[in-house]
file coords-v9.txt (compact mmCIF, C-alpha atoms and all ligand atoms)
# COMPACT_ATOMS: atom_id res chain seq x y z
CA MET A 1 -34.73 69.30 100.19
CA ALA A 2 -34.98 72.79 98.69
CA ASP A 3 -33.30 73.42 95.35
CA LEU A 4 -29.79 74.82 95.33
CA LEU A 5 -29.01 78.34 94.14
CA PHE A 6 -25.46 79.35 93.28
CA SER A 7 -24.10 82.69 92.17
CA GLY A 8 -20.96 84.79 92.36
CA VAL A 9 -19.30 88.11 91.65
CA GLN A 10 -15.69 88.82 90.75
CA PRO A 11 -13.84 90.78 93.43
CA THR A 12 -12.51 93.35 91.01
CA ASN A 13 -12.85 97.05 91.70
CA VAL A 14 -16.00 98.15 93.36
CA LEU A 15 -19.51 96.82 92.75
CA HIS A 16 -21.83 99.06 90.77
CA ILE A 17 -25.60 99.41 90.64
CA GLY A 18 -25.66 97.17 87.53
CA ASN A 19 -24.28 94.32 89.63
CA TYR A 20 -26.75 95.19 92.37
CA ILE A 21 -29.86 95.47 90.22
CA GLY A 22 -28.97 92.63 87.83
CA ALA A 23 -27.68 90.15 90.40
CA LEU A 24 -27.39 90.91 94.11
CA LYS A 25 -30.84 92.40 94.56
CA GLN A 26 -32.29 89.20 93.09
CA TRP A 27 -30.18 87.11 95.44
CA ALA A 28 -31.57 88.93 98.44
CA ASP A 29 -35.12 88.69 97.08
CA VAL A 30 -35.13 84.93 96.47
CA GLN A 31 -32.69 83.64 99.10
CA HIS A 32 -35.45 82.25 101.31
CA ARG A 33 -36.77 79.96 98.60
CA TYR A 34 -33.53 78.04 98.13
CA ARG A 35 -30.47 76.64 99.80
CA CYS A 36 -27.95 79.24 98.66
CA LEU A 37 -24.25 79.40 97.99
CA PHE A 38 -22.84 82.84 97.25
CA CYS A 39 -19.26 82.74 96.10
CA VAL A 40 -16.60 85.44 95.80
CA VAL A 41 -14.95 84.26 92.58
CA ASP A 42 -11.35 85.37 93.08
CA LEU A 43 -9.97 82.76 90.66
CA HIS A 44 -12.02 84.39 87.91
CA ALA A 45 -10.64 87.80 88.87
CA ILE A 46 -7.04 86.73 88.18
CA THR A 47 -7.77 86.00 84.51
CA VAL A 48 -6.72 89.64 84.08
CA PRO A 49 -3.76 91.04 86.08
CA GLN A 50 -4.56 91.97 89.72
CA ASP A 51 -2.56 93.68 92.42
CA PRO A 52 -2.36 91.07 95.26
CA ALA A 53 -3.00 93.48 98.13
CA LYS A 54 -5.94 95.08 96.35
CA LEU A 55 -7.35 91.70 95.40
CA ARG A 56 -7.31 90.49 99.00
CA LYS A 57 -9.09 93.65 100.13
CA ASN A 58 -11.63 93.30 97.33
CA VAL A 59 -12.34 89.69 98.32
CA LEU A 60 -13.33 90.80 101.81
CA ASP A 61 -15.21 93.87 100.59
CA THR A 62 -17.18 91.78 98.11
CA ALA A 63 -18.16 89.31 100.84
CA ALA A 64 -19.16 92.27 103.03
CA ALA A 65 -21.25 93.61 100.15
CA TYR A 66 -23.17 90.30 99.94
CA LEU A 67 -24.09 90.76 103.59
CA ALA A 68 -24.82 94.46 103.15
CA VAL A 69 -27.41 93.83 100.42
CA GLY A 70 -29.23 91.55 102.83
CA ILE A 71 -27.91 88.02 102.39
CA ASP A 72 -28.67 86.25 105.66
CA PRO A 73 -25.55 84.33 106.71
CA ASN A 74 -27.57 82.15 109.04
CA ARG A 75 -29.45 80.71 106.09
CA SER A 76 -27.04 81.01 103.18
CA ASN A 77 -23.38 80.15 102.82
CA ILE A 78 -20.92 82.77 101.61
CA PHE A 79 -17.44 81.60 100.67
CA VAL A 80 -14.32 82.39 98.67
CA GLN A 81 -13.81 80.33 95.51
CA SER A 82 -10.03 79.76 95.85
CA GLU A 83 -10.52 78.29 99.34
CA VAL A 84 -12.35 75.28 97.90
CA LYS A 85 -9.81 73.63 95.63
CA GLU A 86 -12.39 71.44 93.88
CA HIS A 87 -13.40 74.47 91.80
CA THR A 88 -10.02 74.44 90.08
CA GLU A 89 -10.06 70.67 89.80
CA LEU A 90 -13.46 70.47 88.15
CA GLY A 91 -12.61 73.60 86.14
CA TRP A 92 -9.78 71.67 84.50
CA ILE A 93 -12.07 68.74 83.79
CA MET A 94 -14.68 71.07 82.27
CA SER A 95 -12.00 72.52 80.00
CA THR A 96 -11.54 69.01 78.60
CA ILE A 97 -15.29 68.69 77.97
CA GLY A 98 -15.68 72.08 76.26
CA LYS A 99 -14.58 72.67 72.67
CA MET A 100 -12.30 75.46 71.46
CA GLY A 101 -14.97 76.70 69.07
CA GLU A 102 -17.56 76.93 71.84
CA LEU A 103 -15.28 78.99 74.06
CA GLU A 104 -14.13 81.17 71.17
CA ARG A 105 -17.72 82.24 70.63
CA MET A 106 -18.07 83.71 74.14
CA THR A 107 -18.77 87.45 73.82
CA GLN A 108 -17.09 88.31 77.13
CA TYR A 109 -13.90 86.59 75.99
CA LYS A 110 -13.98 88.38 72.66
CA ASP A 111 -14.50 91.78 74.34
CA LYS A 112 -11.94 91.31 77.09
CA SER A 113 -9.28 89.74 74.89
CA ALA A 114 -9.63 92.69 72.51
CA LYS A 115 -9.00 95.04 75.47
CA HIS A 116 -5.97 93.05 76.62
CA ALA A 117 -4.87 92.17 73.10
CA GLU A 118 -1.16 92.17 73.95
CA ASN A 119 -1.38 89.66 76.74
CA THR A 120 -4.62 87.70 76.85
CA SER A 121 -4.14 84.92 79.40
CA VAL A 122 -5.10 81.31 78.74
CA GLY A 123 -7.27 81.63 81.84
CA LEU A 124 -9.35 84.38 80.26
CA PHE A 125 -10.14 81.96 77.48
CA SER A 126 -10.99 78.97 79.69
CA TYR A 127 -12.87 81.14 82.21
CA PRO A 128 -16.32 79.68 81.29
CA ALA A 129 -15.06 76.16 82.09
CA LEU A 130 -14.27 77.34 85.63
CA MET A 131 -17.64 79.03 85.88
CA ALA A 132 -19.33 75.80 84.79
CA ALA A 133 -17.39 73.98 87.51
CA ASP A 134 -18.54 76.50 90.15
CA ILE A 135 -22.13 75.78 89.28
CA LEU A 136 -22.02 72.04 88.58
CA LEU A 137 -20.07 71.09 91.71
CA TYR A 138 -23.10 71.71 93.89
CA ASP A 139 -26.01 70.23 91.90
CA THR A 140 -27.19 73.78 91.38
CA THR A 141 -30.63 74.21 89.89
CA VAL A 142 -30.88 78.02 89.81
CA VAL A 143 -28.30 80.66 88.90
CA PRO A 144 -29.39 84.30 89.29
CA VAL A 145 -27.26 86.49 87.01
CA GLY A 146 -27.41 89.53 84.77
CA GLU A 147 -27.96 89.11 81.06
CA ASP A 148 -24.25 89.25 80.19
CA GLN A 149 -23.72 85.90 81.93
CA LEU A 150 -26.47 84.04 80.06
CA GLN A 151 -24.10 82.83 77.37
CA HIS A 152 -21.78 81.32 79.99
CA LEU A 153 -24.72 79.67 81.63
CA GLU A 154 -25.92 78.21 78.36
CA LEU A 155 -22.43 76.74 77.86
CA THR A 156 -22.58 75.33 81.40
CA ARG A 157 -25.78 73.55 80.43
CA VAL A 158 -24.16 72.15 77.29
CA LEU A 159 -21.14 70.88 79.26
CA ALA A 160 -23.35 69.27 81.91
CA ARG A 161 -25.40 67.43 79.29
CA ARG A 162 -22.31 66.37 77.37
CA PHE A 163 -20.63 65.03 80.51
CA ASN A 164 -23.80 63.19 81.52
CA SER A 165 -24.12 61.56 78.13
CA HIS A 166 -20.44 60.46 78.07
CA PHE A 167 -20.07 59.31 81.64
CA GLY A 168 -23.60 58.75 82.93
CA GLU A 169 -25.96 61.03 84.86
CA THR A 170 -23.72 63.12 87.14
CA PHE A 171 -24.62 66.80 86.93
CA VAL A 172 -27.86 68.70 87.34
CA VAL A 173 -28.53 70.97 84.36
CA PRO A 174 -29.04 74.45 85.88
CA GLN A 175 -31.47 77.20 84.93
CA PRO A 176 -30.71 80.93 84.81
CA LEU A 177 -32.77 83.40 86.85
CA ILE A 178 -32.96 86.82 85.25
CA GLN A 179 -34.65 90.09 86.21
CA LYS A 180 -37.57 90.92 83.91
CA VAL A 181 -36.39 94.53 83.76
CA GLY A 182 -32.83 95.44 84.71
CA ALA A 183 -30.93 92.33 83.64
CA ARG A 184 -28.72 94.66 81.63
CA ILE A 185 -28.08 98.11 83.09
CA MET A 186 -26.29 100.30 80.58
CA GLY A 187 -23.48 102.82 81.05
CA LEU A 188 -24.55 106.34 82.09
CA ASP A 189 -22.23 107.83 79.49
CA ASP A 190 -23.14 105.39 76.72
CA PRO A 191 -26.47 103.53 76.68
CA THR A 192 -25.19 101.15 74.01
CA LYS A 193 -22.61 99.63 76.38
CA LYS A 194 -23.41 97.75 79.58
CA MET A 195 -22.48 99.36 82.87
CA SER A 196 -19.10 97.85 83.68
CA LYS A 197 -16.57 97.82 86.50
CA SER A 198 -13.78 98.02 83.98
CA ALA A 199 -15.17 101.10 82.21
CA ILE A 200 -12.47 103.66 81.57
CA SER A 201 -14.52 106.52 82.98
CA ALA A 202 -15.96 106.26 86.52
CA SER A 203 -18.83 108.49 85.39
CA SER A 204 -20.07 105.50 83.39
CA TYR A 205 -21.20 103.69 86.54
CA ILE A 206 -22.53 104.38 90.01
CA ALA A 207 -20.57 102.38 92.56
CA ILE A 208 -22.59 101.07 95.49
CA THR A 209 -20.19 103.04 97.69
CA ASP A 210 -20.56 106.38 95.88
CA GLU A 211 -21.32 109.36 98.13
CA PRO A 212 -24.60 111.27 97.57
CA GLU A 213 -22.81 114.22 95.96
CA VAL A 214 -21.02 111.92 93.52
CA ILE A 215 -24.27 110.17 92.64
CA LYS A 216 -25.96 113.52 91.96
CA LYS A 217 -23.11 114.64 89.74
CA LYS A 218 -22.97 111.38 87.76
CA ILE A 219 -26.72 111.32 87.17
CA SER A 220 -26.85 114.98 86.18
CA ARG A 221 -24.19 114.24 83.56
CA ALA A 222 -25.79 111.02 82.31
CA VAL A 223 -26.48 111.17 78.58
CA THR A 224 -30.09 111.42 77.45
CA ASP A 225 -31.76 110.91 74.10
CA SER A 226 -33.15 113.54 71.81
CA GLY A 227 -36.70 114.24 72.85
CA THR A 228 -37.82 115.69 76.16
CA THR A 229 -40.47 113.43 77.63
CA ILE A 230 -40.06 110.68 80.21
CA GLU A 231 -41.42 107.73 78.28
CA TYR A 232 -40.21 104.14 78.18
CA ASP A 233 -39.08 103.14 74.70
CA GLU A 234 -36.10 100.85 74.95
CA GLU A 235 -35.48 100.64 71.24
CA ASN A 236 -35.68 104.26 70.19
CA ARG A 237 -34.75 105.99 73.44
CA PRO A 238 -32.30 103.65 75.20
CA ALA A 239 -30.74 106.30 77.45
CA ILE A 240 -33.94 107.39 79.17
CA ALA A 241 -35.19 103.78 79.22
CA ASN A 242 -32.04 102.83 81.12
CA LEU A 243 -32.47 105.63 83.66
CA MET A 244 -36.13 104.69 84.08
CA THR A 245 -35.10 101.08 84.71
CA ILE A 246 -32.80 102.24 87.50
CA TYR A 247 -35.60 104.42 88.91
CA HIS A 248 -38.00 101.45 88.71
CA HIS A 249 -35.64 99.35 90.83
CA ALA A 250 -34.89 102.13 93.29
CA THR A 251 -38.56 102.98 93.92
CA GLY A 252 -40.52 99.85 93.03
CA LYS A 253 -42.71 101.96 90.71
CA SER A 254 -43.85 100.50 87.38
CA MET A 255 -42.90 102.17 84.09
CA LYS A 256 -46.48 103.39 83.69
CA GLU A 257 -46.40 104.96 87.16
CA ILE A 258 -43.09 106.62 86.36
CA GLU A 259 -44.42 108.04 83.09
CA LYS A 260 -47.43 109.41 84.97
CA GLU A 261 -45.26 110.90 87.70
CA PHE A 262 -43.19 112.83 85.16
CA ALA A 263 -45.88 113.71 82.62
CA GLY A 264 -45.33 117.33 81.61
CA LYS A 265 -41.93 117.39 83.33
CA GLY A 266 -38.49 117.27 81.75
CA TYR A 267 -35.16 115.52 82.14
CA GLY A 268 -34.02 117.93 84.87
CA ASP A 269 -36.85 117.01 87.25
CA PHE A 270 -36.52 113.34 86.46
CA LYS A 271 -32.77 113.27 87.04
CA LYS A 272 -33.17 115.02 90.38
CA ALA A 273 -35.74 112.47 91.52
CA LEU A 274 -33.61 109.63 90.19
CA ALA A 275 -30.53 110.81 92.10
CA GLU A 276 -32.57 111.02 95.33
CA ALA A 277 -34.01 107.55 94.75
CA VAL A 278 -30.59 105.99 94.10
CA ILE A 279 -29.13 107.68 97.19
CA TYR A 280 -32.06 106.34 99.21
CA MET A 281 -31.64 102.84 97.75
CA LEU A 282 -27.92 102.72 98.52
CA ASN A 283 -27.99 104.38 101.94
CA PRO A 284 -28.83 101.28 104.03
CA ILE A 285 -26.42 99.17 101.97
CA GLN A 286 -23.59 101.64 102.54
CA LYS A 287 -24.28 101.73 106.27
CA LYS A 288 -24.27 97.95 106.59
CA LEU A 289 -21.19 97.67 104.40
CA LYS A 290 -19.26 99.88 106.80
CA GLU A 291 -20.48 97.80 109.74
CA PHE A 292 -19.29 94.54 108.22
CA GLN A 293 -16.03 96.05 107.04
CA SER A 294 -15.33 97.20 110.57
CA ASP A 295 -15.96 93.74 112.04
CA PRO A 296 -13.43 91.44 110.32
CA ALA A 297 -13.83 88.79 113.02
CA GLU A 298 -17.51 88.33 112.17
CA LEU A 299 -16.74 88.26 108.45
CA THR A 300 -14.03 85.63 109.04
CA LYS A 301 -16.47 83.47 110.97
CA ILE A 302 -19.05 83.65 108.20
CA LEU A 303 -16.52 82.89 105.45
CA ASP A 304 -15.00 79.99 107.40
CA ARG A 305 -18.41 78.46 107.88
CA GLY A 306 -19.28 78.97 104.22
CA ARG A 307 -16.00 77.39 103.12
CA ASP A 308 -16.52 74.33 105.30
CA ALA A 309 -20.04 73.74 104.00
CA ALA A 310 -18.98 74.21 100.36
CA GLN A 311 -15.91 72.03 100.84
CA GLU A 312 -17.91 69.10 102.12
CA ALA A 313 -20.33 69.16 99.19
CA ALA A 314 -17.57 69.75 96.63
CA GLU A 315 -15.41 66.87 97.88
CA ALA A 316 -18.32 64.46 97.68
CA LYS A 317 -19.12 65.53 94.12
CA MET A 318 -15.51 65.31 92.94
CA LYS A 319 -15.25 61.79 94.25
CA ILE A 320 -18.17 60.78 92.03
CA VAL A 321 -16.77 62.68 89.02
CA LYS A 322 -13.37 60.99 89.31
CA GLU A 323 -14.92 57.57 89.68
CA LYS A 324 -17.06 58.05 86.59
CA MET A 325 -14.11 59.30 84.53
CA GLY A 326 -11.65 56.64 85.66
CA LEU A 327 -9.31 59.14 87.28
CA GLY A 328 -6.95 58.01 90.02
CA ARG A 329 -6.77 54.46 91.29
P1 LIG A 401 -19.38 89.79 87.25
O1 LIG A 401 -18.50 89.88 88.44
O2 LIG A 401 -18.91 90.44 86.00
O3 LIG A 401 -20.80 90.39 87.57
C1 LIG A 401 -21.52 89.99 88.72
C2 LIG A 401 -23.01 89.92 88.42
O4 LIG A 401 -23.49 91.21 88.00
C3 LIG A 401 -24.17 91.09 86.75
N1 LIG A 401 -23.95 92.31 85.98
C4 LIG A 401 -24.93 93.08 85.50
N2 LIG A 401 -26.27 93.00 85.57
C5 LIG A 401 -26.98 93.98 84.98
N3 LIG A 401 -26.42 95.03 84.32
C6 LIG A 401 -25.09 95.16 84.24
N4 LIG A 401 -24.54 96.20 83.61
C7 LIG A 401 -24.26 94.16 84.84
N5 LIG A 401 -22.93 93.98 84.94
C8 LIG A 401 -22.75 92.84 85.65
C9 LIG A 401 -23.54 89.87 86.09
O5 LIG A 401 -24.37 89.32 85.11
C10 LIG A 401 -23.33 88.96 87.26
O6 LIG A 401 -24.52 88.25 87.56
N6 LIG A 401 -18.58 85.16 85.50
C11 LIG A 401 -19.31 85.93 86.49
C12 LIG A 401 -19.02 85.48 87.91
C13 LIG A 401 -19.22 84.04 88.14
C14 LIG A 401 -20.44 83.38 88.33
C15 LIG A 401 -20.12 82.01 88.57
C16 LIG A 401 -21.77 83.80 88.33
C17 LIG A 401 -18.22 83.10 88.25
N7 LIG A 401 -18.78 81.89 88.52
C18 LIG A 401 -21.13 81.05 88.79
C19 LIG A 401 -22.76 82.85 88.55
C20 LIG A 401 -22.44 81.50 88.77
C21 LIG A 401 -18.92 87.39 86.36
O7 LIG A 401 -17.88 87.71 85.85
O8 LIG A 401 -19.76 88.28 86.95
call {"tool": "encode", "arguments": {"input": "coords-v9.txt", "output": "structure tokens", "more": "lines below"}}
Ligand code: TYM
result
Amino acid sequence: MADLLFSGVQPTNVLHIGNYIGALKQWADVQHRYRCLFCVVDLHAITVPQDPAKLRKNVLDTAAAYLAVGIDPNRSNIFVQSEVKEHTELGWIMSTIGKMGELERMTQYKDKSAKHAENTSVGLFSYPALMAADILLYDTTVVPVGEDQLQHLELTRVLARRFNSHFGETFVVPQPLIQKVGARIMGLDDPTKKMSKSAISASSYIAITDEPEVIKKKISRAVTDSGTTIEYDEENRPAIANLMTIYHHATGKSMKEIEKEFAGKGYGDFKKALAEAVIYMLNPIQKKLKEFQSDPAELTKILDRGRDAAQEAAEAKMKIVKEKMGLGR
């Protein structure tokens, strides 16, 4: 049987091109090599306050986005995390396997808890235990993610090994799958910070639903480095390197080809071409997104099927986990 691939996105706000380039594009590219489970992780989303009506809409929109980027629902299962209760159950168990110190070291927790300093939830802290559960429930071998999730994945591997050594071989130890270039797309307004859905300014990211005019405006305002040439130097010229990375993914051109294309030209020409390329990259996704959003019956069918398939596998795994741990009678 083919290896299992698992990944997920939080249904918070709108997806941006960092999510697309770092994660979803990879999913679409490799889906045919694996049995795939793509999860809308709504239980992760509630680790910071959410408006219930918006959350429900975002859950459906995120599932529609998976389809819009090209996930084939006849091959892969798409489902909503909270509809398969074993995620919460194994999440609790994983929180008993993880150590406080390990979770305290998680960069995402440190960043987010600093932002919500007044009321950091316990869930925000134990978030990686739930993420480990998502992955380990299904004997996942491959997890395609952006670079910011690598630390969580490394912890997942630690928890799997620890569980296996305490209770006997139970979980597969998963591997990350990361883009060679583009695993960390940076903010357009600040190339030292990753592009983020929770950025204060919307000009920091390009949403996959942004209209062409908005995309043009955001790219024209994107910060650049001192210097005038279009050359890839991640260390010394992170802003232009980031824009070139986006251009690379939108056009398929290598960095060398991009440098050649813009030799003797300046930021203005490059930004114009970049805006066109991003608009072109997002156009088919936006069209398909609208189609899926306007056909809730089809989306429901796909999510029901995904839930049933995930449920069956998750129940079987939890039975084994409980037996090994001596839980229940
Ligand atoms: P989330 O929702 O923050 O992000 C979804 C995916 O997008 C990637 N990503 C980026 N990639 C490149 N550049 C960026 N600026 C950028 N920002 C985000 C993320 O790395 C991620 O792959 N904890 C996860 C969701 C999750 C999960 C899982 C993922 C829950 N359970 C199990 C994989 C497997 C998260 O918050 O992703």
call {"tool": "atom_distance", "arguments": {"input": "coords-v9.txt", "atom1": "CA of Arg162 (chain A)", "atom2": "CA of Gln175 (chain A)"}}
result
16.1 Å
call {"tool": "closest_atom_pairs", "arguments": {"input": "coords-v9.txt", "of": "chain A", "to": "ligand LIG 401 (chain A)", "cutoff": "6 Å", "atoms": "only C-alpha atoms and all ligand atoms", "output": "tab-separated table"}}
result
residue	atom	partner	partner_atom	distance
A:Phe6	CA	A:LIG401	C20	5.8
A:Ser7	CA	A:LIG401	C19	3.9
A:Gly8	CA	A:LIG401	C16	4.2
A:Val9	CA	A:LIG401	O1	3.8
A:Gln10	CA	A:LIG401	O1	3.8
A:Gly18	CA	A:LIG401	C6	3.9
A:Asn19	CA	A:LIG401	O4	3.6
A:Gly22	CA	A:LIG401	N2	3.5
A:Ala23	CA	A:LIG401	O6	4.7
A:Val41	CA	A:LIG401	C17	5.5
A:Met131	CA	A:LIG401	N7	4.1
A:Asp134	CA	A:LIG401	C18	5.4
A:Ile135	CA	A:LIG401	C18	5.4
A:Val143	CA	A:LIG401	C20	5.9
A:Val145	CA	A:LIG401	O6	3.3
A:Gly146	CA	A:LIG401	O5	3.1
A:Glu147	CA	A:LIG401	O5	5.4
A:Asp148	CA	A:LIG401	O5	4.9
A:Gln149	CA	A:LIG401	O5	4.7
A:Ala183	CA	A:LIG401	C5	4.5
A:Arg184	CA	A:LIG401	N3	3.6
A:Ile185	CA	A:LIG401	N3	3.7
A:Met186	CA	A:LIG401	N4	5.4
A:Lys194	CA	A:LIG401	N4	4.5
A:Met195	CA	A:LIG401	N4	3.8
A:Ser196	CA	A:LIG401	N5	5.6
call {"tool": "closest_atom_pairs", "arguments": {"input": "coords-v9.txt", "of": "region 202-261 of chain A", "to": "region 276-281 of chain A", "cutoff": "12 Å", "atoms": "all atoms listed in the file", "output": "Markdown table"}}
result
| residue | atom | partner | partner_atom | distance |
| --- | --- | --- | --- | --- |
| A:Ile206 | CA | A:Val278 | CA | 9.2 |
| A:Ala207 | CA | A:Val278 | CA | 10.8 |
| A:Ile208 | CA | A:Ile279 | CA | 9.5 |
| A:Thr209 | CA | A:Ile279 | CA | 10.1 |
| A:Asp210 | CA | A:Ile279 | CA | 8.8 |
| A:Glu211 | CA | A:Ile279 | CA | 8.0 |
| A:Pro212 | CA | A:Ile279 | CA | 5.8 |
| A:Glu213 | CA | A:Ile279 | CA | 9.2 |
| A:Val214 | CA | A:Ile279 | CA | 9.9 |
| A:Ile215 | CA | A:Ile279 | CA | 7.1 |
| A:Lys216 | CA | A:Glu276 | CA | 7.8 |
| A:Lys217 | CA | A:Glu276 | CA | 11.6 |
| A:Lys218 | CA | A:Val278 | CA | 11.3 |
| A:Ile219 | CA | A:Val278 | CA | 9.6 |
| A:Ser220 | CA | A:Glu276 | CA | 11.5 |
| A:Leu243 | CA | A:Val278 | CA | 10.6 |
| A:Met244 | CA | A:Ala277 | CA | 11.2 |
| A:Thr245 | CA | A:Val278 | CA | 11.5 |
| A:Ile246 | CA | A:Val278 | CA | 7.9 |
| A:Tyr247 | CA | A:Ala277 | CA | 6.8 |
| A:His248 | CA | A:Ala277 | CA | 9.5 |
| A:His249 | CA | A:Met281 | CA | 8.7 |
| A:Ala250 | CA | A:Met281 | CA | 5.6 |
| A:Thr251 | CA | A:Ala277 | CA | 6.5 |
| A:Gly252 | CA | A:Ala277 | CA | 10.2 |
| A:Lys253 | CA | A:Ala277 | CA | 11.1 |
call {"tool": "residues_around", "arguments": {"input": "coords-v9.txt", "residues": "Lys25 (chain A)", "least_positions_apart": "6", "cutoff": "10 Å", "atoms": "all atoms listed in the file", "output": "NGL selection string"}}
result
:A and (17-19 or 66 or 69-71 or 144 or 179 or 249)
call {"tool": "closest_residue", "arguments": {"input": "coords-v9.txt", "among": "A:Ala68, A:Val48, A:Leu137, A:Leu103", "to": "Ser121 (chain A)", "atoms": "only C-alpha atoms"}}
result
A:Val48
call {"tool": "closest_residue", "arguments": {"input": "coords-v9.txt", "among": "A:Asp42, A:Asp269, A:Asp295, A:Asp139", "to": "Ala313 (chain A)", "atoms": "all atoms listed in the file"}}
result
A:Asp139
call {"tool": "closest_residue", "arguments": {"input": "coords-v9.txt", "among": "A:Gly101, A:Ala202, A:Gln26, A:His44", "to": "Pro176 (chain A)", "atoms": "all atoms listed in the file"}}
result
A:Gln26
call {"tool": "residues_around", "arguments": {"input": "coords-v9.txt", "residues": "Ala129 (chain A)", "least_positions_apart": "6", "cutoff": "8 Å", "atoms": "all atoms listed in the file", "output": "mmCIF file with C-alpha atoms, keeping the file's coordinate frame"}}
result
data_model
loop_
_atom_site.group_PDB
_atom_site.id
_atom_site.type_symbol
_atom_site.label_atom_id
_atom_site.label_comp_id
_atom_site.auth_asym_id
_atom_site.auth_seq_id
_atom_site.Cartn_x
_atom_site.Cartn_y
_atom_site.Cartn_z
ATOM 1 C CA GLY A 91 -12.610 73.600 86.140
ATOM 2 C CA TRP A 92 -9.780 71.670 84.500
ATOM 3 C CA MET A 94 -14.680 71.070 82.270
ATOM 4 C CA SER A 95 -12.000 72.520 80.000
ATOM 5 C CA GLY A 98 -15.680 72.080 76.260
ATOM 6 C CA THR A 156 -22.580 75.330 81.400
#
call {"tool": "axis_aligned_box", "arguments": {"input": "coords-v9.txt", "around": "region 188-198 of chain A", "padding_each_side": "6 Å", "output": "JSON"}}
result
{"center_x": -20.1, "center_y": 102.8, "center_z": 80.3, "size_x": 24.7, "size_y": 22.1, "size_z": 24.5}
call {"tool": "residues_around", "arguments": {"input": "coords-v9.txt", "residues": "Ile230 (chain A)", "least_positions_apart": "5", "cutoff": "12 Å", "atoms": "all atoms listed in the file", "output": "PyMOL selection string"}}
result
chain A and resi 224-225+237-245+247+255-271+274
call {"tool": "write_last_selection", "arguments": {"input": "coords-v9.txt", "atoms": "C-alpha atoms", "output": "PDB file, in the coordinates of the input"}}
result
ATOM      1  CA  THR A 224     -30.090 111.420  77.450  1.00  0.00           C
ATOM      2  CA  ASP A 225     -31.760 110.910  74.100  1.00  0.00           C
ATOM      3  CA  ARG A 237     -34.750 105.990  73.440  1.00  0.00           C
ATOM      4  CA  PRO A 238     -32.300 103.650  75.200  1.00  0.00           C
ATOM      5  CA  ALA A 239     -30.740 106.300  77.450  1.00  0.00           C
ATOM      6  CA  ILE A 240     -33.940 107.390  79.170  1.00  0.00           C
ATOM      7  CA  ALA A 241     -35.190 103.780  79.220  1.00  0.00           C
ATOM      8  CA  ASN A 242     -32.040 102.830  81.120  1.00  0.00           C
ATOM      9  CA  LEU A 243     -32.470 105.630  83.660  1.00  0.00           C
ATOM     10  CA  MET A 244     -36.130 104.690  84.080  1.00  0.00           C
ATOM     11  CA  THR A 245     -35.100 101.080  84.710  1.00  0.00           C
ATOM     12  CA  TYR A 247     -35.600 104.420  88.910  1.00  0.00           C
ATOM     13  CA  MET A 255     -42.900 102.170  84.090  1.00  0.00           C
ATOM     14  CA  LYS A 256     -46.480 103.390  83.690  1.00  0.00           C
ATOM     15  CA  GLU A 257     -46.400 104.960  87.160  1.00  0.00           C
ATOM     16  CA  ILE A 258     -43.090 106.620  86.360  1.00  0.00           C
ATOM     17  CA  GLU A 259     -44.420 108.040  83.090  1.00  0.00           C
ATOM     18  CA  LYS A 260     -47.430 109.410  84.970  1.00  0.00           C
ATOM     19  CA  GLU A 261     -45.260 110.900  87.700  1.00  0.00           C
ATOM     20  CA  PHE A 262     -43.190 112.830  85.160  1.00  0.00           C
ATOM     21  CA  ALA A 263     -45.880 113.710  82.620  1.00  0.00           C
ATOM     22  CA  GLY A 264     -45.330 117.330  81.610  1.00  0.00           C
ATOM     23  CA  LYS A 265     -41.930 117.390  83.330  1.00  0.00           C
ATOM     24  CA  GLY A 266     -38.490 117.270  81.750  1.00  0.00           C
ATOM     25  CA  TYR A 267     -35.160 115.520  82.140  1.00  0.00           C
ATOM     26  CA  GLY A 268     -34.020 117.930  84.870  1.00  0.00           C
ATOM     27  CA  ASP A 269     -36.850 117.010  87.250  1.00  0.00           C
ATOM     28  CA  PHE A 270     -36.520 113.340  86.460  1.00  0.00           C
ATOM     29  CA  LYS A 271     -32.770 113.270  87.040  1.00  0.00           C
ATOM     30  CA  LEU A 274     -33.610 109.630  90.190  1.00  0.00           C
TER      31      LEU A 274
END
call {"tool": "closest_residue", "arguments": {"input": "coords-v9.txt", "among": "A:Ala316, A:Leu130, A:Ala63, A:Ile93", "to": "Leu299 (chain A)", "atoms": "all atoms listed in the file"}}
result
A:Ala63
call {"tool": "residues_near_point", "arguments": {"input": "coords-v9.txt", "point": "(-18.3, 85.3, 75.6)", "cutoff": "12 Å", "atoms": "all atoms listed in the file", "output": "list in words"}}
result
Gly101, Glu102, Leu103, Glu104, Arg105, Met106, Thr107, Gln108, Tyr109, Lys110, Asp111, Lys112, Ser113, Ala114, Leu124, Phe125, Ser126, Tyr127, Pro128, Ala129, Glu147, Asp148, Gln149, Leu150, Gln151, His152, Leu153, Glu154 and Leu155 of chain A
